[in-house]
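Read through the structure below, which is laid out as structure tokens, and then see the notes.
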Amino acid sequence: RKGAEAGPSNLTAMKQLQPLFDASGLETRQHEATSIDGTRVLYYVTRRPDSDGPALLYAYGGFGISVLPTYQGSVGAAWLERGGTYIEANIRGGGEFGPAWSQAARGGCRLRAYEDLEAVAEDVLRRGLCEPGRLGLLGRSNGGLLVGNMLARRQDLFGALVGEVPLLDMRVYHRL
């Protein structure tokens with residue numbers, strides 16, 4: 001449609017899938033942590049306002065791939081409906097803020113991604129979004145590398161660490 005009547009308020013859904021979980025009452029808020037070098041690191045927290053359950057932090061931080069809040073049936077049904085808090089971190093290495101953000105955690109600067117993730121976890125605990133020992137970390141592939149580094153560097157921040165298909169041996173990664 002063109003003209004003054006075009007826009008989202010005039011759209012009609014023709015078809016839609018049934019919801020995979022009840023998202024009513026959930027809210028997503030954006031927070032900001034400060035990494036060790038002073039860089040602001042944004043993250044999203046999705047939960048029910050009265051939630052006091054455990055929190056699950058997800059991060060990727062590589063290959064310019066963005067992590068943004070989306071409707072995820074598995075997260076909603078398995079975690080949010082049961083009172084959990086889901087957190088998505090926009091650490092350096094990802095694509096959330098363009099090529100410079102992605103490049104900032106490559107090569108000899110890779111530690112920035114780990115420092116950013118530590119800053120987010122510390123901020124989550126400082127804000128009281130979950131109790132100490134009830135913060136879990138989930139990462140897949142490159143995110144699994146983050147999990148491996150948190151196991152070595154800051155396991156004190158987490159009550160659980162889950163690395164799925166982690167890229168842990170970066171010395172041979174280019175030969176895979």
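Each chain in the structure tokens gets a letter, A, B and so on, in the order shown; residues start at 1 in every chain, and ligands are counted from 1 in the order they appear.
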Find the residues of segment 3-86 of chain A that sit at most 8 Å from segment 111-132 of chain A; for each, write down the nearest two atoms and how far apart they are in Å, to one decimal. Count only C-alpha atoms. Sort by chain, then by number going up, and give it as CSV.
residue,atom,partner,partner_atom,distance
A:Glu32,CA,A:Val120,CA,7.8
A:Ala33,CA,A:Val120,CA,5.4
A:Thr34,CA,A:Ala119,CA,6.1
A:Ser35,CA,A:Asp116,CA,5.1
A:Ile36,CA,A:Glu115,CA,6.5
A:Val41,CA,A:Asp116,CA,6.6
A:Tyr43,CA,A:Val120,CA,7.3
A:Asp52,CA,A:Cys130,CA,6.5
A:Gly53,CA,A:Cys130,CA,6.8
A:Pro54,CA,A:Cys130,CA,5.9
A:Ala55,CA,A:Cys130,CA,6.0
A:Leu57,CA,A:Ala121,CA,7.8
A:Ala59,CA,A:Leu117,CA,7.7
A:Gly61,CA,A:Ala113,CA,6.2
A:Thr85,CA,A:Leu129,CA,8.0
All helix (DSSP H, G or I) positions in chain A, as a tab-separated table (two decimals) with all heavy atoms, in the first residue's frame:
chain	number	residue	atom	x	y	z
A	8	PRO	N	2.09	-0.09	9.72
A	8	PRO	CA	1.80	-1.29	10.52
A	8	PRO	C	0.41	-1.29	11.14
A	8	PRO	O	-0.19	-2.33	11.32
A	8	PRO	CB	2.87	-1.26	11.61
A	8	PRO	CG	3.95	-0.38	11.09
A	8	PRO	CD	3.28	0.58	10.14
A	9	SER	N	-0.15	-0.12	11.47
A	9	SER	CA	-1.46	-0.08	12.12
A	9	SER	C	-2.58	-0.51	11.18
A	9	SER	O	-3.68	-0.82	11.62
A	9	SER	CB	-1.74	1.31	12.69
A	9	SER	OG	-1.79	2.25	11.64
A	10	ASN	N	-2.32	-0.54	9.88
A	10	ASN	CA	-3.35	-0.92	8.92
A	10	ASN	C	-3.11	-2.31	8.33
A	10	ASN	O	-3.78	-2.67	7.38
A	10	ASN	CB	-3.40	0.11	7.78
A	10	ASN	CG	-3.89	1.46	8.26
A	10	ASN	OD1	-4.75	1.51	9.13
A	10	ASN	ND2	-3.33	2.52	7.74
A	73	GLY	N	10.47	-20.31	20.85
A	73	GLY	CA	9.56	-21.26	21.49
A	73	GLY	C	10.23	-22.13	22.53
A	73	GLY	O	9.70	-22.35	23.61
A	74	SER	N	11.42	-22.62	22.23
A	74	SER	CA	12.10	-23.52	23.18
A	74	SER	C	12.50	-22.79	24.45
A	74	SER	O	12.37	-23.31	25.56
A	74	SER	CB	13.32	-24.17	22.53
A	74	SER	OG	14.23	-23.18	22.10
A	75	VAL	N	12.99	-21.56	24.33
A	75	VAL	CA	13.36	-20.77	25.51
A	75	VAL	C	12.10	-20.43	26.31
A	75	VAL	O	12.09	-20.53	27.55
A	75	VAL	CB	14.09	-19.47	25.10
A	75	VAL	CG1	14.26	-18.53	26.29
A	75	VAL	CG2	15.45	-19.81	24.50
A	76	GLY	N	11.04	-20.06	25.63
A	76	GLY	CA	9.81	-19.70	26.32
A	76	GLY	C	9.19	-20.85	27.07
A	76	GLY	O	8.87	-20.74	28.26
A	77	ALA	N	9.03	-21.99	26.39
A	77	ALA	CA	8.36	-23.13	27.01
A	77	ALA	C	9.23	-23.80	28.07
A	77	ALA	O	8.74	-24.22	29.11
A	77	ALA	CB	7.97	-24.14	25.92
A	78	ALA	N	10.51	-23.89	27.81
A	78	ALA	CA	11.38	-24.62	28.74
A	78	ALA	C	11.92	-23.75	29.87
A	78	ALA	O	12.30	-24.26	30.91
A	78	ALA	CB	12.56	-25.21	27.96
A	80	LEU	N	11.21	-19.63	30.34
A	80	LEU	CA	10.47	-18.45	30.80
A	80	LEU	C	9.14	-18.80	31.46
A	80	LEU	O	8.78	-18.20	32.47
A	80	LEU	CB	10.25	-17.50	29.63
A	80	LEU	CG	11.53	-16.89	29.04
A	80	LEU	CD1	11.22	-16.16	27.74
A	80	LEU	CD2	12.20	-15.97	30.03
A	81	GLU	N	8.42	-19.78	30.91
A	81	GLU	CA	7.14	-20.17	31.51
A	81	GLU	C	7.33	-20.78	32.90
A	81	GLU	O	6.40	-20.81	33.69
A	81	GLU	CB	6.41	-21.20	30.64
A	81	GLU	CG	5.61	-20.57	29.54
A	81	GLU	CD	4.69	-21.58	28.84
A	81	GLU	OE1	4.96	-22.80	28.87
A	81	GLU	OE2	3.71	-21.12	28.26
A	82	ARG	N	8.53	-21.23	33.20
A	82	ARG	CA	8.81	-21.86	34.49
A	82	ARG	C	9.44	-20.89	35.48
A	82	ARG	O	10.00	-21.29	36.48
A	82	ARG	CB	9.70	-23.06	34.28
A	82	ARG	CG	9.01	-24.11	33.43
A	82	ARG	CD	9.95	-25.21	33.01
A	82	ARG	NE	9.28	-26.07	32.07
A	82	ARG	CZ	9.37	-27.38	32.07
A	82	ARG	NH1	10.11	-27.99	32.97
A	82	ARG	NH2	8.72	-28.09	31.17
A	99	PRO	N	30.75	-3.40	11.81
A	99	PRO	CA	32.04	-4.07	11.61
A	99	PRO	C	33.08	-3.73	12.67
A	99	PRO	O	33.86	-4.60	13.07
A	99	PRO	CB	32.49	-3.59	10.22
A	99	PRO	CG	31.23	-3.18	9.54
A	99	PRO	CD	30.32	-2.67	10.61
A	100	ALA	N	33.14	-2.49	13.13
A	100	ALA	CA	34.16	-2.13	14.12
A	100	ALA	C	33.93	-2.89	15.42
A	100	ALA	O	34.88	-3.31	16.09
A	100	ALA	CB	34.13	-0.62	14.38
A	101	TRP	N	32.66	-3.10	15.82
A	101	TRP	CA	32.32	-3.86	17.02
A	101	TRP	C	32.77	-5.31	16.86
A	101	TRP	O	33.33	-5.90	17.78
A	101	TRP	CB	30.82	-3.78	17.27
A	101	TRP	CG	30.34	-4.37	18.56
A	101	TRP	CD1	29.70	-5.56	18.71
A	101	TRP	CD2	30.45	-3.80	19.86
A	101	TRP	NE1	29.40	-5.77	20.04
A	101	TRP	CE2	29.85	-4.69	20.76
A	101	TRP	CE3	30.99	-2.61	20.35
A	101	TRP	CZ2	29.78	-4.44	22.13
A	101	TRP	CZ3	30.92	-2.35	21.71
A	101	TRP	CH2	30.32	-3.27	22.58
A	102	SER	N	32.54	-5.85	15.70
A	102	SER	CA	32.95	-7.23	15.42
A	102	SER	C	34.47	-7.37	15.42
A	102	SER	O	35.02	-8.29	16.03
A	102	SER	CB	32.39	-7.67	14.06
A	102	SER	OG	32.83	-8.96	13.74
A	103	GLN	N	35.15	-6.45	14.77
A	103	GLN	CA	36.62	-6.51	14.68
A	103	GLN	C	37.31	-6.27	16.02
A	103	GLN	O	38.44	-6.68	16.21
A	103	GLN	CB	37.11	-5.47	13.66
A	103	GLN	CG	36.69	-5.75	12.24
A	103	GLN	CD	37.34	-7.00	11.68
A	103	GLN	OE1	38.46	-7.33	11.99
A	103	GLN	NE2	36.59	-7.73	10.85
A	107	GLY	N	41.53	-11.69	16.79
A	107	GLY	CA	42.98	-11.83	16.89
A	107	GLY	C	43.48	-11.58	18.31
A	107	GLY	O	42.95	-12.13	19.28
A	108	GLY	N	44.47	-10.72	18.43
A	108	GLY	CA	45.06	-10.41	19.72
A	108	GLY	C	44.14	-9.69	20.68
A	108	GLY	O	44.44	-9.56	21.87
A	109	CYS	N	43.00	-9.25	20.19
A	109	CYS	CA	42.02	-8.55	21.04
A	109	CYS	C	40.87	-9.46	21.46
A	109	CYS	O	39.87	-8.99	22.00
A	109	CYS	CB	41.46	-7.34	20.29
A	109	CYS	SG	42.71	-6.10	19.91
A	111	LEU	N	40.40	-11.34	23.88
A	111	LEU	CA	40.07	-11.27	25.31
A	111	LEU	C	38.96	-10.28	25.62
A	111	LEU	O	38.26	-10.43	26.62
A	111	LEU	CB	41.31	-10.91	26.13
A	111	LEU	CG	42.35	-12.00	26.29
A	111	LEU	CD1	43.57	-11.47	27.04
A	111	LEU	CD2	41.79	-13.21	26.99
A	112	ARG	N	38.77	-9.30	24.76
A	112	ARG	CA	37.70	-8.32	24.99
A	112	ARG	C	36.34	-8.98	25.07
A	112	ARG	O	35.49	-8.57	25.86
A	112	ARG	CB	37.71	-7.26	23.89
A	112	ARG	CG	38.87	-6.32	24.00
A	112	ARG	CD	38.83	-5.29	22.91
A	112	ARG	NE	39.93	-4.35	23.03
A	112	ARG	CZ	40.38	-3.63	22.04
A	112	ARG	NH1	39.82	-3.73	20.84
A	112	ARG	NH2	41.38	-2.79	22.22
A	113	ALA	N	36.10	-9.99	24.24
A	113	ALA	CA	34.81	-10.69	24.28
A	113	ALA	C	34.61	-11.35	25.64
A	113	ALA	O	33.52	-11.30	26.21
A	113	ALA	CB	34.73	-11.73	23.16
A	114	TYR	N	35.65	-11.95	26.18
A	114	TYR	CA	35.54	-12.62	27.48
A	114	TYR	C	35.36	-11.59	28.59
A	114	TYR	O	34.55	-11.80	29.51
A	114	TYR	CB	36.77	-13.48	27.75
A	114	TYR	CG	37.15	-14.34	26.57
A	114	TYR	CD1	38.48	-14.51	26.21
A	114	TYR	CD2	36.18	-14.98	25.78
A	114	TYR	CE1	38.83	-15.29	25.12
A	114	TYR	CE2	36.54	-15.74	24.69
A	114	TYR	CZ	37.87	-15.90	24.36
A	114	TYR	OH	38.22	-16.66	23.28
A	115	GLU	N	36.07	-10.49	28.50
A	115	GLU	CA	35.93	-9.42	29.49
A	115	GLU	C	34.54	-8.80	29.44
A	115	GLU	O	33.96	-8.49	30.49
A	115	GLU	CB	37.01	-8.36	29.27
A	115	GLU	CG	38.41	-8.87	29.56
A	115	GLU	CD	39.51	-7.96	29.04
A	115	GLU	OE1	39.23	-7.02	28.26
A	115	GLU	OE2	40.68	-8.22	29.40
A	116	ASP	N	34.00	-8.65	28.23
A	116	ASP	CA	32.63	-8.13	28.08
A	116	ASP	C	31.63	-9.07	28.74
A	116	ASP	O	30.71	-8.63	29.45
A	116	ASP	CB	32.26	-7.96	26.61
A	116	ASP	CG	32.99	-6.82	25.92
A	116	ASP	OD1	33.77	-6.10	26.58
A	116	ASP	OD2	32.77	-6.67	24.70
A	117	LEU	N	31.79	-10.37	28.52
A	117	LEU	CA	30.88	-11.35	29.09
A	117	LEU	C	30.97	-11.35	30.62
A	117	LEU	O	29.95	-11.40	31.32
A	117	LEU	CB	31.18	-12.74	28.53
A	117	LEU	CG	30.24	-13.85	28.98
A	117	LEU	CD1	28.79	-13.55	28.62
A	117	LEU	CD2	30.68	-15.17	28.36
A	118	GLU	N	32.17	-11.26	31.14
A	118	GLU	CA	32.36	-11.17	32.59
A	118	GLU	C	31.65	-9.94	33.15
A	118	GLU	O	30.99	-10.00	34.20
A	118	GLU	CB	33.85	-11.13	32.94
A	118	GLU	CG	34.57	-12.43	32.65
A	118	GLU	CD	36.08	-12.31	32.62
A	118	GLU	OE1	36.62	-11.19	32.82
A	118	GLU	OE2	36.74	-13.34	32.41
A	119	ALA	N	31.78	-8.82	32.44
A	119	ALA	CA	31.14	-7.57	32.89
A	119	ALA	C	29.62	-7.72	32.92
A	119	ALA	O	28.96	-7.24	33.85
A	119	ALA	CB	31.55	-6.41	32.00
A	120	VAL	N	29.05	-8.38	31.92
A	120	VAL	CA	27.60	-8.59	31.89
A	120	VAL	C	27.18	-9.47	33.06
A	120	VAL	O	26.23	-9.14	33.79
A	120	VAL	CB	27.14	-9.18	30.54
A	120	VAL	CG1	25.69	-9.65	30.61
A	120	VAL	CG2	27.32	-8.17	29.41
A	121	ALA	N	27.87	-10.57	33.27
A	121	ALA	CA	27.53	-11.47	34.37
A	121	ALA	C	27.63	-10.75	35.72
A	121	ALA	O	26.73	-10.88	36.57
A	121	ALA	CB	28.44	-12.70	34.36
A	122	GLU	N	28.67	-9.97	35.90
A	122	GLU	CA	28.83	-9.20	37.15
A	122	GLU	C	27.69	-8.20	37.32
A	122	GLU	O	27.16	-8.02	38.42
A	122	GLU	CB	30.18	-8.49	37.17
A	122	GLU	CG	31.35	-9.42	37.33
A	122	GLU	CD	32.70	-8.76	37.07
A	122	GLU	OE1	32.73	-7.64	36.49
A	122	GLU	OE2	33.72	-9.37	37.42
A	123	ASP	N	27.28	-7.55	36.23
A	123	ASP	CA	26.21	-6.56	36.28
A	123	ASP	C	24.87	-7.22	36.60
A	123	ASP	O	24.07	-6.68	37.37
A	123	ASP	CB	26.13	-5.79	34.97
A	123	ASP	CG	25.35	-4.49	35.11
A	123	ASP	OD1	25.83	-3.59	35.82
A	123	ASP	OD2	24.26	-4.41	34.52
A	124	VAL	N	24.62	-8.38	36.02
A	124	VAL	CA	23.39	-9.12	36.31
A	124	VAL	C	23.30	-9.42	37.80
A	124	VAL	O	22.26	-9.22	38.43
A	124	VAL	CB	23.34	-10.43	35.48
A	124	VAL	CG1	22.32	-11.41	36.03
A	124	VAL	CG2	23.08	-10.13	34.01
A	125	LEU	N	24.40	-9.87	38.38
A	125	LEU	CA	24.40	-10.20	39.81
A	125	LEU	C	24.30	-8.93	40.67
A	125	LEU	O	23.57	-8.91	41.66
A	125	LEU	CB	25.66	-10.99	40.16
A	125	LEU	CG	25.73	-12.38	39.51
A	125	LEU	CD1	27.09	-13.02	39.75
A	125	LEU	CD2	24.60	-13.28	39.98
A	126	ARG	N	24.99	-7.87	40.26
A	126	ARG	CA	24.94	-6.61	41.00
A	126	ARG	C	23.53	-6.05	41.03
A	126	ARG	O	23.07	-5.52	42.05
A	126	ARG	CB	25.91	-5.60	40.39
A	126	ARG	CG	25.95	-4.25	41.14
A	126	ARG	CD	26.81	-3.23	40.42
A	126	ARG	NE	26.36	-2.91	39.08
A	126	ARG	CZ	25.31	-2.16	38.78
A	126	ARG	NH1	24.57	-1.64	39.73
A	126	ARG	NH2	25.00	-1.91	37.52
A	142	ASN	N	30.86	-20.88	18.58
A	142	ASN	CA	31.75	-19.84	19.11
A	142	ASN	C	31.35	-19.45	20.53
A	142	ASN	O	32.19	-19.14	21.37
A	142	ASN	CB	31.72	-18.60	18.20
A	142	ASN	CG	32.75	-17.59	18.63
A	142	ASN	OD1	33.94	-17.80	18.49
A	142	ASN	ND2	32.28	-16.48	19.17
A	143	GLY	N	30.06	-19.49	20.82
A	143	GLY	CA	29.59	-19.25	22.18
A	143	GLY	C	30.09	-20.33	23.14
A	143	GLY	O	30.28	-20.08	24.33
A	144	GLY	N	30.31	-21.53	22.64
A	144	GLY	CA	30.89	-22.59	23.44
A	144	GLY	C	32.32	-22.27	23.84
A	144	GLY	O	32.78	-22.65	24.92
A	145	LEU	N	33.03	-21.56	22.97
A	145	LEU	CA	34.37	-21.08	23.30
A	145	LEU	C	34.28	-20.09	24.47
A	145	LEU	O	35.13	-20.11	25.37
A	145	LEU	CB	35.01	-20.42	22.08
A	145	LEU	CG	36.39	-19.80	22.27
A	145	LEU	CD1	37.41	-20.84	22.71
A	145	LEU	CD2	36.84	-19.11	20.99
A	146	LEU	N	33.26	-19.25	24.48
A	146	LEU	CA	33.05	-18.34	25.60
A	146	LEU	C	32.85	-19.12	26.90
A	146	LEU	O	33.43	-18.79	27.93
A	146	LEU	CB	31.83	-17.46	25.37
A	146	LEU	CG	31.86	-16.46	24.23
A	146	LEU	CD1	30.48	-15.86	24.02
A	146	LEU	CD2	32.88	-15.38	24.49
A	147	VAL	N	32.05	-20.18	26.83
A	147	VAL	CA	31.79	-21.01	28.00
A	147	VAL	C	33.09	-21.63	28.50
A	147	VAL	O	33.38	-21.62	29.70
A	147	VAL	CB	30.74	-22.10	27.69
A	147	VAL	CG1	30.62	-23.09	28.84
A	147	VAL	CG2	29.38	-21.46	27.39
A	148	GLY	N	33.89	-22.16	27.58
A	148	GLY	CA	35.18	-22.75	27.97
A	148	GLY	C	36.08	-21.74	28.66
A	148	GLY	O	36.76	-22.06	29.64
A	149	ASN	N	36.07	-20.51	28.17
A	149	ASN	CA	36.89	-19.47	28.79
A	149	ASN	C	36.35	-19.07	30.16
A	149	ASN	O	37.13	-18.78	31.07
A	149	ASN	CB	37.00	-18.26	27.86
A	149	ASN	CG	38.13	-18.43	26.90
A	149	ASN	OD1	39.27	-18.13	27.22
A	149	ASN	ND2	37.84	-18.98	25.72
A	150	MET	N	35.04	-19.06	30.32
A	150	MET	CA	34.48	-18.73	31.64
A	150	MET	C	34.78	-19.84	32.63
A	150	MET	O	35.02	-19.57	33.81
A	150	MET	CB	32.98	-18.47	31.57
A	150	MET	CG	32.61	-17.19	30.82
A	150	MET	SD	33.38	-15.69	31.48
A	150	MET	CE	34.67	-15.41	30.26
A	151	LEU	N	34.83	-21.07	32.17
A	151	LEU	CA	35.21	-22.19	33.03
A	151	LEU	C	36.64	-21.99	33.54
A	151	LEU	O	36.93	-22.22	34.71
A	151	LEU	CB	35.09	-23.52	32.26
A	151	LEU	CG	35.48	-24.77	33.03
A	151	LEU	CD1	34.57	-24.99	34.23
A	151	LEU	CD2	35.43	-25.98	32.09
A	152	ALA	N	37.51	-21.50	32.67
A	152	ALA	CA	38.92	-21.28	33.05
A	152	ALA	C	39.13	-19.97	33.79
A	152	ALA	O	39.97	-19.90	34.69
A	152	ALA	CB	39.79	-21.30	31.78
A	153	ARG	N	38.36	-18.94	33.44
A	153	ARG	CA	38.62	-17.60	33.97
A	153	ARG	C	37.75	-17.20	35.16
A	153	ARG	O	38.25	-16.63	36.12
A	153	ARG	CB	38.41	-16.55	32.87
A	153	ARG	CG	39.40	-16.61	31.74
A	153	ARG	CD	38.98	-15.70	30.60
A	153	ARG	NE	38.76	-14.33	31.00
A	153	ARG	CZ	39.62	-13.34	30.86
A	153	ARG	NH1	40.80	-13.57	30.32
A	153	ARG	NH2	39.31	-12.11	31.24
A	155	GLN	N	34.65	-19.04	36.68
A	155	GLN	CA	33.56	-19.96	37.01
A	155	GLN	C	32.85	-19.55	38.29
A	155	GLN	O	31.73	-19.98	38.56
A	155	GLN	CB	34.03	-21.40	37.08
A	155	GLN	CG	35.11	-21.68	38.09
A	155	GLN	CD	35.56	-23.11	38.03
A	155	GLN	OE1	34.91	-23.97	38.60
A	155	GLN	NE2	36.65	-23.36	37.35
A	156	ASP	N	33.46	-18.65	39.08
A	156	ASP	CA	32.82	-18.15	40.30
A	156	ASP	C	31.54	-17.36	40.02
A	156	ASP	O	30.70	-17.20	40.91
A	156	ASP	CB	33.79	-17.27	41.09
A	156	ASP	CG	34.22	-16.04	40.31
A	156	ASP	OD1	34.86	-16.21	39.25
A	156	ASP	OD2	33.92	-14.91	40.75
A	157	LEU	N	31.38	-16.87	38.80
A	157	LEU	CA	30.19	-16.09	38.45
A	157	LEU	C	28.97	-16.96	38.16
A	157	LEU	O	27.85	-16.45	38.14
A	157	LEU	CB	30.47	-15.22	37.22
A	157	LEU	CG	31.48	-14.10	37.39
A	157	LEU	CD1	31.81	-13.47	36.04
A	157	LEU	CD2	30.96	-13.05	38.36
A	173	TYR	N	41.40	-24.55	14.24
A	173	TYR	CA	40.08	-24.19	13.70
A	173	TYR	C	40.14	-23.95	12.19
A	173	TYR	O	39.27	-24.39	11.45
A	173	TYR	CB	39.54	-22.94	14.42
A	173	TYR	CG	38.33	-22.37	13.76
A	173	TYR	CD1	37.10	-23.03	13.84
A	173	TYR	CD2	38.40	-21.20	13.02
A	173	TYR	CE1	35.97	-22.52	13.22
A	173	TYR	CE2	37.28	-20.68	12.40
A	173	TYR	CZ	36.08	-21.35	12.51
A	173	TYR	OH	34.98	-20.86	11.88
A	174	HIS	N	41.16	-23.26	11.72
A	174	HIS	CA	41.25	-22.93	10.29
A	174	HIS	C	41.40	-24.16	9.41
A	174	HIS	O	41.21	-24.10	8.21
A	174	HIS	CB	42.43	-21.98	10.07
A	174	HIS	CG	43.76	-22.58	10.36
A	174	HIS	ND1	44.22	-22.75	11.65
A	174	HIS	CD2	44.72	-23.07	9.53
A	174	HIS	CE1	45.43	-23.32	11.60
A	174	HIS	NE2	45.73	-23.51	10.34
A	175	ARG	N	41.71	-25.33	10.00
A	175	ARG	CA	41.84	-26.56	9.22
A	175	ARG	C	40.60	-27.43	9.25
A	175	ARG	O	40.57	-28.47	8.63
A	175	ARG	CB	43.02	-27.39	9.76
A	175	ARG	CG	44.35	-26.67	9.49
A	175	ARG	CD	45.49	-27.56	9.90
A	175	ARG	NE	45.57	-27.53	11.37
A	175	ARG	CZ	46.50	-28.16	12.07
A	175	ARG	NH1	47.44	-28.85	11.45
A	175	ARG	NH2	46.52	-28.09	13.37
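In this structure, atom CA of Ala13 of chain A sits 25.5 Å away from atom CA of Thr46 of chain A.
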Quick one: residues within 8 Å of segment 48-51 of chain A, only C-alpha atoms, excluding same-chain residues fewer than 4 positions away - as a compact mmCIF listing (two decimals) with N, CA, C and O atoms, in the first residue's frame?
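For reference, around_5.txt as written:
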# COMPACT_ATOMS: atom_id res chain seq x y z
N GLY A 25 2.66 -11.18 29.90
CA GLY A 25 3.29 -10.84 31.17
C GLY A 25 4.81 -10.79 31.12
O GLY A 25 5.44 -10.35 32.07
N LEU A 26 5.41 -11.25 30.04
CA LEU A 26 6.86 -11.15 29.90
C LEU A 26 7.24 -9.74 29.49
O LEU A 26 6.51 -9.09 28.75
N GLU A 27 8.38 -9.31 29.95
CA GLU A 27 8.90 -8.03 29.49
C GLU A 27 10.38 -8.18 29.18
O GLU A 27 11.07 -9.00 29.79
N LEU A 80 11.21 -19.63 30.34
CA LEU A 80 10.47 -18.45 30.80
C LEU A 80 9.14 -18.80 31.46
O LEU A 80 8.78 -18.20 32.47
N GLY A 83 9.40 -19.59 35.15
CA GLY A 83 9.88 -18.58 36.08
C GLY A 83 11.32 -18.16 35.91
O GLY A 83 11.85 -17.40 36.72
N GLY A 84 11.98 -18.62 34.86
CA GLY A 84 13.37 -18.25 34.62
C GLY A 84 13.50 -16.89 33.96
O GLY A 84 12.54 -16.33 33.44
N THR A 85 14.70 -16.38 33.99
CA THR A 85 15.08 -15.13 33.33
C THR A 85 16.04 -15.49 32.21
O THR A 85 16.95 -16.29 32.41
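Atom CA of Glu96 of chain A is found 16.4 Å from atom CA of Arg29 of chain A.
When atom CA of Val165 of chain A is paired with atom CA of Leu138 of chain A, their separation reads 11.1 Å.
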Expected answer as a tab-separated table (two decimals) with N, CA and C atoms, in the first residue's frame: strand (DSSP E) residues in segment 24-116 of chain A:
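part_0.tsv, written as the output of this step:
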chain	number	residue	atom	x	y	z
A	27	GLU	N	8.38	-9.31	29.95
A	27	GLU	CA	8.90	-8.03	29.49
A	27	GLU	C	10.38	-8.18	29.18
A	28	THR	N	10.84	-7.41	28.22
A	28	THR	CA	12.25	-7.40	27.85
A	28	THR	C	12.78	-6.00	28.10
A	29	ARG	N	13.86	-5.94	28.84
A	29	ARG	CA	14.49	-4.65	29.15
A	29	ARG	C	15.95	-4.71	28.73
A	30	GLN	N	16.46	-3.56	28.32
A	30	GLN	CA	17.86	-3.46	27.93
A	30	GLN	C	18.63	-2.85	29.09
A	31	HIS	N	19.77	-3.46	29.40
A	31	HIS	CA	20.66	-2.95	30.44
A	31	HIS	C	22.05	-2.74	29.85
A	32	GLU	N	22.89	-2.12	30.63
A	32	GLU	CA	24.25	-1.80	30.17
A	32	GLU	C	25.25	-2.16	31.26
A	33	ALA	N	26.28	-2.89	30.86
A	33	ALA	CA	27.40	-3.20	31.75
A	33	ALA	C	28.60	-2.42	31.23
A	34	THR	N	29.61	-2.27	32.05
A	34	THR	CA	30.84	-1.60	31.63
A	34	THR	C	31.98	-2.60	31.69
A	40	ARG	N	30.98	0.29	26.95
A	40	ARG	CA	29.61	-0.05	27.32
A	40	ARG	C	29.18	-1.30	26.55
A	41	VAL	N	28.64	-2.26	27.27
A	41	VAL	CA	28.18	-3.52	26.68
A	41	VAL	C	26.71	-3.68	27.03
A	42	LEU	N	25.87	-3.73	26.00
A	42	LEU	CA	24.43	-3.84	26.21
A	42	LEU	C	24.01	-5.30	26.29
A	43	TYR	N	22.93	-5.52	27.05
A	43	TYR	CA	22.34	-6.85	27.11
A	43	TYR	C	20.85	-6.72	27.38
A	44	TYR	N	20.11	-7.75	26.95
A	44	TYR	CA	18.66	-7.78	27.08
A	44	TYR	C	18.26	-8.82	28.12
A	45	VAL	N	17.29	-8.46	28.95
A	45	VAL	CA	16.77	-9.35	29.98
A	45	VAL	C	15.28	-9.55	29.73
A	46	THR	N	14.88	-10.81	29.54
A	46	THR	CA	13.48	-11.15	29.34
A	46	THR	C	13.02	-11.99	30.52
A	47	ARG	N	11.90	-11.55	31.14
A	47	ARG	CA	11.40	-12.24	32.34
A	47	ARG	C	10.03	-11.70	32.70
A	55	ALA	N	18.62	-17.53	36.26
A	55	ALA	CA	18.80	-16.78	35.02
A	55	ALA	C	19.75	-17.55	34.10
A	56	LEU	N	19.48	-17.49	32.82
A	56	LEU	CA	20.32	-18.12	31.80
A	56	LEU	C	20.83	-17.03	30.88
A	57	LEU	N	22.14	-16.91	30.81
A	57	LEU	CA	22.81	-15.91	29.98
A	57	LEU	C	23.28	-16.58	28.70
A	58	TYR	N	22.94	-16.00	27.56
A	58	TYR	CA	23.37	-16.50	26.26
A	58	TYR	C	24.23	-15.44	25.57
A	85	THR	N	14.70	-16.38	33.99
A	85	THR	CA	15.08	-15.13	33.33
A	85	THR	C	16.04	-15.49	32.21
A	86	TYR	N	15.84	-14.91	31.03
A	86	TYR	CA	16.71	-15.18	29.88
A	86	TYR	C	17.42	-13.89	29.49
A	87	ILE	N	18.74	-13.98	29.36
A	87	ILE	CA	19.57	-12.80	29.10
A	87	ILE	C	20.39	-13.03	27.83
A	88	GLU	N	20.40	-12.03	26.95
A	88	GLU	CA	21.18	-12.09	25.72
A	88	GLU	C	22.16	-10.93	25.70
A	89	ALA	N	23.45	-11.24	25.61
A	89	ALA	CA	24.50	-10.23	25.70
A	89	ALA	C	25.02	-9.85	24.32
Of the residues A:Ala23, A:Ile91, A:Val172, A:Leu68, which is the one nearest to Arg110 of chain A, using only C-alpha atoms? A:Ile91
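In terms of minimum interatomic distance to Arg140 of chain A, A:Pro166 ranks closest within A:Gly62, A:Gly159, A:Gly98, A:Pro166, counting only C-alpha atoms.
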